[in-house]
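**Student:** Structure provided below as structure tokens; questions to follow.
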Amino acid sequence: MTYIATDVPLNYTAQLFRASNLSDQFYILYYLEMYQESTGTWTRNLNQNLFQFVQEGKTPNMTFYTKDNNLKGTYKMRLKGKFTPNTAFEGVSYFTLTVLDQCYLTKIIAASNLPKLIQYTMTSPTADPVIKIFDPWFDTLGKCGKIEYKATLLEGSPIPSFI
């Protein structure tokens with residue numbers, strides 16, 4: 001499951017677990033857990049800035065929501081189902097949540113005054129430099145950080161050091 005940090009939450013209703021030899025009259029308690037790489041353990045202590053988990057009746061509903069780019073990464077998750085908190089038998093469903101930086105899909109808008117072609121004629125022994133100044137580019141979100149520029153020759157090779 002992939003989520004891009006944005007204003008729109010990702011809502012997910014898990015498929016219900018079923019008891020193999022009992023009727024549907026028994027409620028199953030669901031628990032959402034995250035694997036902590038640092039300790040090698042599973043925890044129910046989830047970051048409330050990203051994970052919300054609600055069990056309404058028999059249905060486990062999960063909501064993933066954040067605008068915080070610092071929460072990007074891959075999270076190993078599992079949903080556990082039990083009849084009571086102390087039941088020995090449990091059902092487990094594993095999944096991975098990948099949170100992408102909100103700048104993942106942003107578009108870069110080039111300056112409108114960027115020349116399509118700069119033609120330069122070299123004269124001997126020296127030539128006057130050609131200086132072209134153009135407006136800075138920007139991203140559509142307006143908050144994705146500094147844009148790095150790179151110039152190449154028309155066929156894509158690097159610009160020689162003498163230019």
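Residue numbering restarts at 1 for every chain of the structure tokens, chains are lettered A, B, ... in their displayed order, and ligands are numbered from 1 as they appear.
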May I have the residues within 9 Å of Gln15 (chain A) as a VMD selection string, using only C-alpha atoms and disregarding those fewer than 2 positions away in the same chain?
**Tutor:** chain A and resid 13 17 59 to 60
**Student:** Using only C-alpha atoms, which residues sit within 7 Å of Ile108 (chain A) once same-chain residues fewer than 5 positions away are excluded, as a PyMOL selection string?
**Tutor:** chain A and resi 137-140
**Student:** Need to verify the contact set: Thr96 (chain A), 10 Å, only C-alpha atoms, exclusion of same-chain residues closer than 3 positions in sequence. Can you return it as a ChimeraX atom specification?
**Tutor:** /A:1-2,34,74-78,99
**Student:** Those residues with C-alpha atoms, as an mmCIF file, in the first residue's frame please?
**Tutor:**
data_model
loop_
_atom_site.group_PDB
_atom_site.id
_atom_site.type_symbol
_atom_site.label_atom_id
_atom_site.label_comp_id
_atom_site.auth_asym_id
_atom_site.auth_seq_id
_atom_site.Cartn_x
_atom_site.Cartn_y
_atom_site.Cartn_z
ATOM 1 C CA MET A 1 0.000 0.000 0.000
ATOM 2 C CA THR A 2 1.433 3.396 -0.976
ATOM 3 C CA MET A 34 3.881 -1.686 13.544
ATOM 4 C CA THR A 74 8.384 2.075 4.661
ATOM 5 C CA TYR A 75 6.396 0.720 7.582
ATOM 6 C CA LYS A 76 5.870 -3.001 8.207
ATOM 7 C CA MET A 77 2.390 -3.419 9.636
ATOM 8 C CA ARG A 78 0.164 -6.222 10.816
ATOM 9 C CA VAL A 99 4.783 6.807 2.672
#
